[in-house]
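Visitor: Please see the structure below; I have some questions.
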Amino acid sequence: MAEEFVLSIFRGDAEGGEEVEYHVPRIEGMVVLDAVHHVQAHDAQDLAVRWNCKAAHCGSCSAEINGMPKLMCKTRLDEYQGETVHIQPMRTFPIIKDLVTDVSWNYEVAKKIPAFNPGVAAPFHMQQWDVDRIQEFHHCIECFLCQDVCHVLRDHHEQDEYYGPRFMVKMAEFEMHPMDRADRIPQIKNEGGIGLCNVTKCCTTVCPQHIHITDNAIIPLKERVADRYYDPIRNFFRKLGGKDENAKQETPT
Amino acid sequence: MAQASQPGLNRPKTQAGKMPYWVEPVFTIIAFSGFVIYALWEVLFHNMGTYHNYVSPFFSPDIAGWFGLHILTALYVAWMPLIFRFSCYYYRKEYYRAFSFHPFGCAVTEPKSHQTRHYNGEWKINNLHRYTWFLAVFVLIFLWKDVVQGFIFSNGFGVGIGSLILLINAILLTGYTFSCHAWRNMIGGRKDCFSCTTTHGPKQKPASYGIWQRVSALNVFHGWWAWASMFSVWIADLYVRLLMMGVIHDVRLF
Amino acid sequence: MNIETMETHSFDVLVLGSGGAGLRAAVEAASEGGVSVAVIGKSLLGKAHTVMAEGGAAASIGNLDAPDSWQTHFYDTMKSGHYINNYRTVEVFAKEAPSRVLELEQWGAVFDRTPEGLIMQRAFGGHSFRRLAHIGDRTGMELLRTLQYKAISMDIKVFQEVTVTRLLMDGSRIAGAMGYYRSDGHFVLFKAKAIVLATGGWGKLYKVTSNSWESTGDGAAMAYRIGADLKDMEMVQFHPTGMVWPPGVAGLLVTEGVRGEGGLLYNSEKERFMVRYDPERQELSTRDVVARSIFKEVQAGRGTPHGGAWLDISHKKADFIKQKLPGMYEQFLTLGDIDITKQPFEVAPTCHYQMGGVQAQAETCATTIPGLFAAGEVACGLHGANRLGGNSLADILVFGRRAGIAARDYAGALKSDVTIDESVVEAEVARVLEPFNRPDGENPYAIHEELQAVMSAHAAIVRSEDDLKVGLGKVLALQERGRRMGTSGSRVYNPGWHAVFDVENMLMLSELIIRGALERKESRGGHWRSDFPDELPEMGKWNFVHQYSADGDRVQRVPVPEMPPVLAEICARPVAPGRESAAGTSQVPPRKG
């Protein structure tokens with residue numbers, strides 16, 4: 001077994017840059033982030049990397065390892081035995097420096113989502129089997145790897161038209177909450193741009209929390225949008241009955 | 001949003017012990033193309049799909065016959081499963097990846113030509129997937145009738161290779177049809193709360209929850225069902241066709 | 001740098017720290033409108049160390065165990081803190097925790113449910129009843145995420161990735177803070193009528209720690225420098241169960257929920273040693289006891305191959321483990337190649353929490369500096385000598401809110417605007433830029449590593465006079481070297497430069513921990529002296545308070561506040577309130593499985 005790992009880390013900023021090679025001694029069970037820290041402490045003090053918990057709880061250390069969006073703290077180096085490991089910043093977001101990108105766009109989107117709006121006061125009576133579904137979405141650590149890999153944002157730069165997988169999950173979390181009274185379907189369809197998702201499932205593939213983003217969040221939301229907007233028969237009956245069966249109270253703003 | 005040109009690889013490197021990213025879409029291209037070519041040959045050049053008690057899934061139900069038509073009979077049936085599959089959420093993934101490179105693989109940079117053409121997302125027509133589901137169920141009922149018929153030979157009950165193929169085909173199609181995302185929404189996915197409406201008290205899980213949960217469990221493997229049932233239809237039809245052409249002979253197991 | 005051209009903001013209430021306590025304070029401060037509120041975080045929003053809290057939030061809601069009450073929670077917390085807690089802080093805490101937890105549910109947190117559909121509660125070390133409201137093993141994340149989305153839906157300005165290096169005064173009262181944006185290094189000045197300190201702990205002082213890089217004690221160090229009193233600094237909690245192997249993940253937290261859900265501890269001789277150390281509570285004893293027990297087993301040669309104890313939950317059903325402890329399952333599978341549903345795993349103590357911190361009043365969280373309030377791990381008073389698991393998440397909710405109210409009221413009552421001394425700002429700019437003048441200066445990473453080694457060797461789980469004195473000498477020497485820390489490169493996202501200030505703060509707090517530990521000549525809670533192995537009633541009457549002075553740290557004994565009779569009576573009971581009927585049999589709820 002090799003005694004060291006070879007890392008090729010992108011060094012640079014918005015002006016440009018290049019990959020620089022570093023050698024890191026091998027420690028059993030070491031993850032990519034450990035190696036980056038080693039480089040920081042010994043070879044390049046100013047190597048910029050964002051990280052917090054080093055336990056896959058906070059979702060800070062997102063990067064592209066050998067071209068795949070991953071968490072550096074959760075990627076074992078022994079997976080890449082004998083290879084040079086290329087580490088680059090997330091591609092979808094503007095680079096600040098080295099491995100750090102400007103993810104502020106995500107926080108702008110987050111602000112657009114109306115707060116949870118329960119009709120009644122806690123304590124709620126909810127069965128575990130009723131909340132299992134939304135608890136899956138609560139696993140999200142906001143690492144934004146799904147946003148990074150989503151081709152709508154990554155290749156087509158439709159940031160103004162589509163909120164991205166993370167926020168589809170967030171909206172699903174509120175929309176499917178047994179107690180939420182806000183009507184979120186129009187936002188999901190219009191400003192949220194759910195139609196831009198073509199269910200190619202890369203978000204699900206890269207999710208470090210194994211959330212079934214496409215199958216359990218986006219597609220069910222697409223179906224709810226279809227219920228409301230694209231189902232002529234339901235529309236007909238809705239008009240006939242004079243009531244909107246999907247209608248919940250509008251969110252107070 | 002302004003984008004500077006970003007560093008990074010244009011496609012992920014293949015990790016040791018794992019398949020390269022292009023294997024899946026290339027397989028999809030080959031399999032889909034093969035099936036479509038086969039289906040065209042079958043639909044356009046044949047008017048019959050029955051061999052004794054075996055009916056090919058391409059020709060069932062005999063809608064053309066109901067109207068007294070005898071030409072291109074498979075066309076009257078084939079469009080139903082075709083649009084069901086075309087609007088299927090799983091197939092969308094496969095064809096958007098393999099045929100329109102949106103994207104070809106995860107973290108694979110899309111071709112240059114995509115930069116000049118505006119990306120508009122999905123076709124809105126796909127939202128009608130729910131209606132195609134009913135068509136698929138309609139066809140499926142007849143396929144189960146054919147399964148039963150496949151076990152009844154001129155001399156009574158029996159089991160042939162063909163009967164088993166038709167049976168397996170019907171099972172796989174049923175799995176595929178009832179793991180559908182649109183069906184999952186119809187059967188309960190659109191509800192936020194199951195316990196809120198139950199009449200058996202809040203602790204009892206209502207039947208609708210049980211069904212939704214089972215559909216959800218099947219749904220996890222929707223892609224598997226999709227592939228398996230596509231191949232089973234292919235094999236079932238080919239089997240009947242080869243019997244009709246006299247290339248092979250059915251084996252009666254008992 | 002000219003103060004005129006510096007980016008300047010004015011707020012009524014400025015919250016330092018975007019973890020649970022900080023966000024809860026901001027939400028409260030902004031809840032009535034008319035008060036401008038800002039939150040500053042060293043990281044991105046939603047990444048604070050609160051996400052690492054796993055087990056749950058302790059609140060006597062009594063959904064599973066109806067006899068639970070605030071009195072029992074009070075009793076447990078005082079007992080676990082070995083009675084050097086501020087009783088009034090504990091009282092406020094125990095009474096208010098349930099409504100704070102319910103409030104979270106109102107804001108969108110989805111706790112695990114009981115069969116009745118209410119918030120599920122789990123057993124935890126040192127709690128007399130099943131008390132921890134939880135969401136699997138990621139309760140802190142749920143709590144932080146809920147507060148994060150609550151905060152952004154309100155009129156609160158959030159500054160992400162801003163390091164504050166100094167608190168500013170207007171005479172004797174607080175007037176603001178200054179710091180720089182980590183992204184490009186430009187300075188920013190905040191004028192504020194009131195400041196809530198919610199900067200968390202300083203677990204990064206130790207080599208083996210469950211804490212994230214942020215836990216460098218910035219808030220406590222800054223407050224200390226401007227004259228706030230720090231208390232109980234010697235009280236450092238070592239969580240009994242951190243990961244041991246592989247070395248890359250050593251220290252990573254293994255939630256107490258594993259034991260709460262039925263996990264058992266064994267030594268290398270397959271003996272359930274906790275039965276020996278604490279026959280009543282066994283695995284669910286308090287953290288100080290369990291950590292010490294594991295330490296002793298290893299000392300006695302009964303440790304696991306990598307120097308820990310075995311923790312085993314594989315007697316439970318795999319599905320149960322995956323549902324209740326999904327994060328742990330995943331963590332061990334990906335990082336340690338261990339399937340915890342099938343096999344036991346090694347655990348050893350890891351630095352986890354600081355009971356000590358900025359002295360804060362119970363009702364208002366006010367510190368000794370007018371206008372400065374402290375909440376959460378940075379504050380001191382609630383946990384005494386040992387924190388109960390689950391009390392920190394409830395702590396940040398209860399006192400985050402109280403600090404928010406107090407800061408809002410204080411700022412509202414303040415007639416005049418604050419003024420800031422320009423020369424102080426200019427001097428601080430010069431100080432912060434100084435490391436760039438020393439590109440060949442001391443490497444902050446190296447100093448940090450050495451500090452961790454010193455603290456781990458001389459002031460960790462077991463301490464003694466001689467050891468502490470040697471440690472103190474080493475820390476003082478490191479402080480001297482620390483003055484020559486340097487960095488190279490630009491101000492754009494330069495972690496080497498950022499580290500200089502983190503390390504400065506840690507060097508200062510390390511000294512206080514050792515000085516406090518030298519003063520407390522007894523063993524109590526998290527503080528274990530091998531030369532004074534017993535808990536001494538005389539020492540239990542005192543807290544040690546640290547004050548900054550030009551010629552070094554001044555440690556003073558101040559009396560632990562005396563409880564009024566009604567509370568003293570609760571603490572004096574032989575069994576916890578509500579458990580009287582069970583007293584004859586066992587002190588703990590029956591262990592399932």
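By order of appearance in the structure tokens: chains A, B, ..., then residues from 1 within every chain, and ligands from 1 in the order shown.
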Might you pull out every residue within 8 Å of Val108 (chain B), with only C-alpha atoms counted and same-chain residues fewer than 2 positions away left off, and present them as a list in words?
Guide: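 Everything that qualifies: Asn10, Arg11, Pro12, Pro103, Phe104, Gly105, Cys106 and Glu110 of chain B.
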Visitor: May I have the residues within 8 Å of region 224-237 of chain A as a list in words, using only C-alpha atoms and disregarding those fewer than 6 positions away in the same chain?
Guide: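 Contacts, in chain order: Ile185, Pro186, Ile188, Lys189 and Asn246 of chain A; Asn127, Leu128, Asn185 and Arg190 of chain B.
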Visitor: From the options C:Gln237, C:Arg113, C:Ala48, C:Pro67, which residue's atoms come nearest to chain B, counting only C-alpha atoms?
Guide: C:Arg113
Visitor: Go through region 65-269 of chain C and collect every residue that DSSP, computed from the backbone, puts in alpha helix (DSSP H); the answer should be as JSON, numbers by chain.
Guide: {"C": [70, 71, 72, 73, 74, 75, 76, 77, 78, 79, 80, 87, 88, 89, 90, 91, 92, 93, 94, 95, 96, 97, 98, 99, 100, 101, 102, 103, 104, 105, 106, 139, 140, 141, 142, 143, 144, 145, 146, 147, 148, 149, 150, 151, 152, 218, 219, 220, 221, 222, 223, 224, 225, 257, 258, 259, 260]}
Visitor: Give me, as a PyMOL selection string, the contact residues of chain C against chain A at a cut-off of 6 Å, counting only C-alpha atoms.
Guide: chain C and resi 47+102+106+108+113+117-118+152+212-213+246+248+445+493-496
Visitor: Those residues you just picked out, can you put them in a file as a PDB file, in the first residue's frame with C-alpha atoms?
Guide:
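Result written to part_0.pdb:
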```
ATOM      1  CA  LYS C  47     -23.495  25.325   9.590  1.00  0.00           C
ATOM      2  CA  LEU C 102     -43.212  23.178  21.571  1.00  0.00           C
ATOM      3  CA  GLN C 106     -44.905  25.481  15.788  1.00  0.00           C
ATOM      4  CA  GLY C 108     -41.785  23.601  11.563  1.00  0.00           C
ATOM      5  CA  ARG C 113     -43.759  10.925  17.538  1.00  0.00           C
ATOM      6  CA  GLY C 117     -48.939  11.417  17.943  1.00  0.00           C
ATOM      7  CA  LEU C 118     -47.102  13.700  20.378  1.00  0.00           C
ATOM      8  CA  ILE C 152     -34.771  34.454   7.361  1.00  0.00           C
ATOM      9  CA  SER C 212     -15.897  21.739  14.826  1.00  0.00           C
ATOM     10  CA  TRP C 213     -13.192  24.242  13.909  1.00  0.00           C
ATOM     11  CA  PRO C 246      -9.694   4.960  12.302  1.00  0.00           C
ATOM     12  CA  GLY C 248      -8.816  10.167  10.836  1.00  0.00           C
ATOM     13  CA  TYR C 445      -1.463  25.670  12.699  1.00  0.00           C
ATOM     14  CA  TYR C 493     -10.221  33.833   2.057  1.00  0.00           C
ATOM     15  CA  ASN C 494      -6.961  33.115   3.801  1.00  0.00           C
ATOM     16  CA  PRO C 495      -7.407  30.437   6.458  1.00  0.00           C
ATOM     17  CA  GLY C 496      -3.847  30.852   7.679  1.00  0.00           C
TER      18      GLY C 496
END
```
